[in-house]
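**Student:** So here's final_7.cif, just mmCIF, C-alpha atoms:
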```
data_final
loop_
_atom_site.label_atom_id
_atom_site.label_comp_id
_atom_site.auth_asym_id
_atom_site.auth_seq_id
_atom_site.Cartn_x
_atom_site.Cartn_y
_atom_site.Cartn_z
CA MET A 1253 193.97 -196.98 37.10
CA LYS A 1254 197.10 -199.09 36.86
CA LYS A 1255 197.27 -201.73 34.13
CA ILE A 1256 197.85 -205.36 35.00
CA VAL A 1257 200.61 -207.09 33.00
CA LEU A 1258 200.30 -210.87 32.61
CA LYS A 1259 202.05 -213.62 30.73
CA LYS A 1260 199.27 -215.14 28.66
CA ASN A 1261 200.24 -218.84 28.64
CA LEU A 1262 201.48 -218.89 32.24
CA SER A 1263 198.43 -217.20 33.75
CA SER A 1264 196.00 -219.26 31.65
CA GLY A 1265 197.80 -222.46 32.56
CA VAL A 1266 197.82 -221.71 36.27
CA ILE A 1267 194.12 -220.80 36.25
CA ALA A 1268 193.15 -223.90 34.21
CA ALA A 1269 195.19 -226.26 36.40
CA PHE A 1270 193.90 -224.68 39.61
CA MET A 1271 190.26 -224.80 38.45
CA GLY A 1272 190.70 -228.41 37.32
CA ILE A 1273 192.08 -229.43 40.70
CA LEU A 1274 189.31 -227.52 42.47
CA PHE A 1275 186.62 -229.18 40.32
CA ARG A 1276 188.20 -232.60 40.90
CA VAL A 1277 188.03 -232.09 44.66
CA MET A 1278 184.39 -230.90 44.40
CA LEU A 1279 183.21 -233.63 42.00
CA PRO A 1280 182.47 -236.41 44.52
CA TYR A 1281 180.27 -233.98 46.48
CA SER A 1282 178.37 -232.96 43.34
CA ILE A 1283 177.83 -236.25 41.53
CA LYS A 1284 177.07 -239.28 43.63
CA ALA A 1285 178.25 -242.15 41.42
CA LYS A 1286 176.70 -245.52 42.13
CA VAL A 1287 179.32 -247.19 39.93
CA HIS A 1288 182.66 -247.92 41.54
CA THR A 1289 186.00 -247.97 39.75
CA VAL A 1290 186.39 -251.64 40.70
CA THR A 1291 183.63 -252.59 38.26
CA SER A 1292 185.29 -250.48 35.53
CA ALA A 1293 181.88 -249.37 34.28
CA VAL A 1294 181.24 -245.87 33.03
CA GLY A 1295 179.25 -243.86 35.54
CA PRO A 1296 177.69 -240.41 35.65
CA ASP A 1297 180.99 -238.86 36.68
CA TYR A 1298 182.94 -240.16 33.66
CA LEU A 1299 182.53 -237.17 31.33
CA PRO A 1300 183.10 -234.52 34.03
CA LYS A 1301 186.26 -236.36 35.12
CA LEU A 1302 187.45 -236.48 31.52
CA VAL A 1303 186.96 -232.73 31.13
CA ILE A 1304 188.59 -232.02 34.50
CA TYR A 1305 191.66 -234.12 33.70
CA GLY A 1306 191.85 -232.36 30.33
CA MET A 1307 191.82 -228.98 32.09
CA ILE A 1308 194.62 -230.06 34.40
CA LEU A 1309 196.67 -231.60 31.58
CA PHE A 1310 196.34 -228.66 29.21
CA GLY A 1311 196.92 -226.19 32.06
CA ALA A 1312 200.16 -228.01 32.88
CA GLY A 1313 201.04 -227.93 29.18
CA LEU A 1314 200.62 -224.15 29.07
CA ILE A 1315 202.75 -223.75 32.19
CA PHE A 1316 205.44 -225.97 30.61
CA LEU A 1317 205.24 -223.95 27.38
CA SER A 1318 205.74 -220.71 29.27
CA LEU A 1319 208.37 -221.65 31.85
CA VAL A 1320 210.47 -224.27 30.05
CA LEU A 1321 210.10 -223.48 26.35
CA LYS A 1322 209.86 -219.70 26.99
CA LYS A 1323 206.97 -219.34 24.52
CA ASP A 1324 204.70 -216.69 25.94
CA GLU A 1325 203.19 -213.31 25.17
CA THR A 1326 202.73 -210.43 27.58
CA ILE A 1327 199.32 -208.80 27.70
CA GLU A 1328 198.10 -205.69 29.51
CA ILE A 1329 194.68 -205.55 31.13
CA ASP A 1330 193.10 -202.22 32.04
CA PRO A 1331 190.72 -202.93 34.95
CA GLY A 1332 188.82 -199.71 34.28
CA ARG A 1333 187.86 -200.87 30.79
CA GLU A 1334 187.12 -204.45 31.88
CA GLY A 1335 184.44 -203.58 34.45
CA HIS A 1336 181.75 -205.19 32.31
CA VAL A 1337 183.31 -208.58 33.08
CA LEU A 1338 182.63 -208.08 36.79
CA ILE A 1339 179.07 -207.00 36.02
CA TYR A 1340 178.51 -210.12 33.94
CA PHE A 1341 179.99 -212.32 36.69
CA ALA A 1342 177.55 -210.75 39.17
CA LEU A 1343 174.76 -211.43 36.66
CA LEU A 1344 175.76 -215.11 36.53
CA LEU A 1345 175.63 -215.33 40.32
CA ALA A 1346 172.21 -213.66 40.32
CA TYR A 1347 171.04 -216.12 37.63
CA MET A 1348 172.09 -219.13 39.72
CA THR A 1349 170.27 -217.71 42.73
CA ALA A 1350 167.18 -216.75 40.74
CA MET A 1351 166.93 -220.23 39.24
CA LYS A 1352 166.23 -221.66 42.69
CA TYR A 1353 163.37 -219.25 43.40
CA ALA A 1354 161.99 -218.38 39.95
CA GLY A 1355 162.70 -221.67 38.19
CA PHE A 1356 164.79 -222.47 35.14
CA LEU A 1357 162.41 -221.00 32.58
CA LEU A 1358 161.88 -217.55 34.08
CA ALA A 1359 165.46 -217.15 35.31
CA SER A 1360 166.89 -218.19 31.93
CA MET A 1361 164.58 -215.87 30.03
CA ALA A 1362 165.58 -212.93 32.23
CA PHE A 1363 169.27 -213.86 32.11
CA SER A 1364 169.31 -214.11 28.32
CA ALA A 1365 167.49 -210.79 27.89
CA VAL A 1366 169.77 -208.94 30.30
CA SER A 1367 172.84 -210.54 28.70
CA MET A 1368 171.81 -209.34 25.27
CA TRP A 1369 171.09 -205.87 26.63
CA LEU A 1370 174.57 -205.76 28.24
CA MET A 1371 176.06 -206.79 24.89
CA GLU A 1372 174.23 -203.80 23.39
CA ASP A 1373 172.01 -205.82 21.09
CA ARG A 1374 168.82 -203.82 20.53
CA ASN A 1375 167.22 -205.89 17.74
CA TRP A 1376 163.86 -207.17 19.03
CA ARG A 1377 164.06 -210.22 16.71
CA HIS A 1378 167.16 -211.42 18.51
CA TYR A 1379 165.39 -211.14 21.86
CA LEU A 1380 162.40 -213.05 20.53
CA SER A 1381 164.54 -215.81 19.07
CA ILE A 1382 166.61 -216.26 22.24
CA GLU A 1383 163.48 -216.40 24.40
CA LEU A 1384 161.94 -219.00 22.08
CA LEU A 1385 165.18 -220.98 22.26
CA VAL A 1386 164.99 -220.95 26.07
CA VAL A 1387 161.43 -222.31 25.89
CA VAL A 1388 162.50 -225.04 23.43
CA ILE A 1389 165.43 -226.03 25.65
CA PHE A 1390 163.18 -226.10 28.71
CA ALA A 1391 160.52 -228.23 27.00
CA SER A 1392 163.13 -230.55 25.47
CA PHE A 1393 164.83 -231.28 28.77
CA LYS A 1394 161.78 -231.30 31.04
CA TYR A 1395 159.29 -233.16 28.86
CA GLY A 1396 161.36 -234.83 26.15
CA LEU A 1397 164.39 -236.05 28.09
CA GLN A 1398 162.63 -236.15 31.49
CA VAL A 1399 165.44 -234.14 33.12
CA PRO A 1400 164.16 -232.51 36.30
CA LEU A 1401 164.63 -228.73 36.16
CA PRO A 1402 163.81 -226.22 38.89
CA THR A 1403 160.31 -224.88 38.25
CA VAL A 1404 157.81 -222.62 39.97
CA PHE A 1405 154.98 -223.69 37.70
CA LEU A 1406 154.54 -226.02 34.68
#
```
As structure tokens - that is how I would like this structure written.
**Tutor:**
Amino acid sequence: MKKIVLKKNLSSGVIAAFMGILFRVMLPYSIKAKVHTVTSAVGPDYLPKLVIYGMILFGAGLIFLSLVLKKDETIEIDPGREGHVLIYFALLLAYMTAMKYAGFLLASMAFSAVSMWLMEDRNWRHYLSIELLVVVIFASFKYGLQVPLPTVFL
């Protein structure tokens, strides 16, 4: 299969800036802020906006670094060897779908186990510790912080 040749800073900058702009357009539909900018109070969309503007700013900085200052490296990507990235992306999509039907706890436990298996970790202690961590995170958010999480039971 043919290798893909990319300029590292330019491609990263374009992707970061594009994703930042996309997230900024999607933000009002995702987080319904009850605080208006007229009141100058910090609302629930403050931190996401900060991260989004950072993505756009640093993406533009990478583009500037590549095009104007000519500081860039060329990298080659072999799509045949990078197939595991597509598998993991499909796994993330399956995880998001499973969370709706199986709940956060079960979907996260399955996702973490399959992720470790894909990363070729075969140590049973690692699996046990990651599953316990998922349970701790679930209990902390659901019962400690009172954050509603998708559940089937509990």
**Student:** Could you jot down the CA of Lys1322 (chain A) to CA of Val1266 (chain A) separation for me, Å, one decimal place?
**Tutor:**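 Pair CA of Lys1322 (chain A) / CA of Val1266 (chain A) returns 15.3 Å.
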**Student:** Step by step, work through what the PyMOL selection byres ((chain A and resi 1379) around 10) selects in the shown file, and finish by giving those residues as a list in words.
**Tutor:**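 After applying the PyMOL selection byres ((chain A and resi 1379) around 10), what remains is Met1361, Ser1364, Ala1365, Val1366, Met1368, Trp1369, Asp1373, Arg1374, Asn1375, Trp1376, Arg1377, His1378, Leu1380, Ser1381, Ile1382, Glu1383, Leu1384 and Leu1385 of chain A.
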**Student:** Write the residues you've just listed into a file as a short mmCIF file (atom, residue, chain, number, x, y, z; two decimals), keeping the file's coordinate frame, and include C-alpha atoms for each of them.
**Tutor:**
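Written output follows (selection_13.cif):
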```
data_model
loop_
_atom_site.label_atom_id
_atom_site.label_comp_id
_atom_site.auth_asym_id
_atom_site.auth_seq_id
_atom_site.Cartn_x
_atom_site.Cartn_y
_atom_site.Cartn_z
CA MET A 1361 164.58 -215.87 30.03
CA SER A 1364 169.31 -214.11 28.32
CA ALA A 1365 167.49 -210.79 27.89
CA VAL A 1366 169.77 -208.94 30.30
CA MET A 1368 171.81 -209.34 25.27
CA TRP A 1369 171.09 -205.87 26.63
CA ASP A 1373 172.01 -205.82 21.09
CA ARG A 1374 168.82 -203.82 20.53
CA ASN A 1375 167.22 -205.89 17.74
CA TRP A 1376 163.86 -207.17 19.03
CA ARG A 1377 164.06 -210.22 16.71
CA HIS A 1378 167.16 -211.42 18.51
CA LEU A 1380 162.40 -213.05 20.53
CA SER A 1381 164.54 -215.81 19.07
CA ILE A 1382 166.61 -216.26 22.24
CA GLU A 1383 163.48 -216.40 24.40
CA LEU A 1384 161.94 -219.00 22.08
CA LEU A 1385 165.18 -220.98 22.26
#
```
**Student:** Given the choices A:Gly1311, A:Lys1323, A:Lys1301, A:Pro1296, which gets closest to Phe1270 (chain A) if the distance is worked out from all atoms listed in the file?
**Tutor:**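 Among A:Gly1311, A:Lys1323, A:Lys1301, A:Pro1296, it is A:Gly1311 that comes nearest to Phe1270 (chain A).
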**Student:** Using all atoms listed in the file, which of A:Leu1345, A:Lys1284, A:Gly1265, A:Leu1321 sits nearest Ile1308 (chain A)?
**Tutor:** A:Gly1265
**Student:** Starting from the PyMOL selection byres ((chain A and resi 1392-1404) around 10), expand the selection into actual residues of this file and give them as a list of chain:residue names.
**Tutor:**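 This file gives the following for the PyMOL selection byres ((chain A and resi 1392-1404) around 10): A:Met1351, A:Lys1352, A:Tyr1353, A:Ala1354, A:Gly1355, A:Phe1356, A:Leu1357, A:Leu1358, A:Ala1359, A:Val1386, A:Val1387, A:Val1388, A:Ile1389, A:Phe1390, A:Ala1391, A:Phe1405, A:Leu1406.
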**Student:** Can you take the partial region 1358-1381 of chain A, add N, CA and C atoms, and return it as a tab-separated table (two decimals), in the coordinates of the input?
**Tutor:**
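Wrote it out as result.tsv, contents follow:
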```tsv
chain	number	residue	atom	x	y	z
A	1358	LEU	N	161.91	-218.99	33.86
A	1358	LEU	CA	161.88	-217.55	34.08
A	1358	LEU	C	163.27	-216.97	34.29
A	1359	ALA	N	164.10	-217.66	35.06
A	1359	ALA	CA	165.46	-217.15	35.31
A	1359	ALA	C	166.27	-217.12	34.02
A	1360	SER	N	166.13	-218.15	33.18
A	1360	SER	CA	166.89	-218.19	31.93
A	1360	SER	C	166.40	-217.15	30.94
A	1361	MET	N	165.10	-216.90	30.92
A	1361	MET	CA	164.58	-215.87	30.03
A	1361	MET	C	165.09	-214.49	30.44
A	1362	ALA	N	165.07	-214.22	31.75
A	1362	ALA	CA	165.58	-212.93	32.23
A	1362	ALA	C	167.08	-212.81	32.00
A	1363	PHE	N	167.81	-213.88	32.29
A	1363	PHE	CA	169.27	-213.86	32.11
A	1363	PHE	C	169.65	-213.62	30.65
A	1364	SER	N	168.96	-214.29	29.73
A	1364	SER	CA	169.31	-214.11	28.32
A	1364	SER	C	168.97	-212.70	27.84
A	1365	ALA	N	167.85	-212.15	28.30
A	1365	ALA	CA	167.49	-210.79	27.89
A	1365	ALA	C	168.47	-209.76	28.43
A	1366	VAL	N	168.82	-209.89	29.70
A	1366	VAL	CA	169.77	-208.94	30.30
A	1366	VAL	C	171.15	-209.09	29.68
A	1367	SER	N	171.55	-210.32	29.36
A	1367	SER	CA	172.84	-210.54	28.70
A	1367	SER	C	172.89	-209.85	27.35
A	1368	MET	N	171.83	-209.99	26.58
A	1368	MET	CA	171.81	-209.34	25.27
A	1368	MET	C	171.80	-207.83	25.40
A	1369	TRP	N	171.11	-207.32	26.41
A	1369	TRP	CA	171.09	-205.87	26.63
A	1369	TRP	C	172.49	-205.39	27.01
A	1370	LEU	N	173.20	-206.14	27.88
A	1370	LEU	CA	174.57	-205.76	28.24
A	1370	LEU	C	175.52	-205.81	27.05
A	1371	MET	N	175.24	-206.69	26.10
A	1371	MET	CA	176.06	-206.79	24.89
A	1371	MET	C	175.62	-205.78	23.83
A	1372	GLU	N	174.71	-204.90	24.22
A	1372	GLU	CA	174.23	-203.80	23.39
A	1372	GLU	C	173.52	-204.25	22.13
A	1373	ASP	N	172.83	-205.37	22.22
A	1373	ASP	CA	172.01	-205.82	21.09
A	1373	ASP	C	170.61	-205.26	21.31
A	1374	ARG	N	170.12	-204.47	20.38
A	1374	ARG	CA	168.82	-203.82	20.53
A	1374	ARG	C	167.80	-204.31	19.50
A	1375	ASN	N	168.14	-205.36	18.76
A	1375	ASN	CA	167.22	-205.89	17.74
A	1375	ASN	C	166.19	-206.79	18.42
A	1376	TRP	N	164.91	-206.42	18.34
A	1376	TRP	CA	163.86	-207.17	19.03
A	1376	TRP	C	163.74	-208.60	18.51
A	1377	ARG	N	164.12	-208.86	17.25
A	1377	ARG	CA	164.06	-210.22	16.71
A	1377	ARG	C	165.04	-211.16	17.42
A	1378	HIS	N	166.18	-210.62	17.78
A	1378	HIS	CA	167.16	-211.42	18.51
A	1378	HIS	C	166.64	-211.81	19.89
A	1379	TYR	N	165.98	-210.85	20.55
A	1379	TYR	CA	165.39	-211.14	21.86
A	1379	TYR	C	164.30	-212.20	21.74
A	1380	LEU	N	163.47	-212.07	20.73
A	1380	LEU	CA	162.40	-213.05	20.53
A	1380	LEU	C	162.96	-214.44	20.25
A	1381	SER	N	163.98	-214.50	19.40
A	1381	SER	CA	164.54	-215.81	19.07
A	1381	SER	C	165.24	-216.45	20.26
```
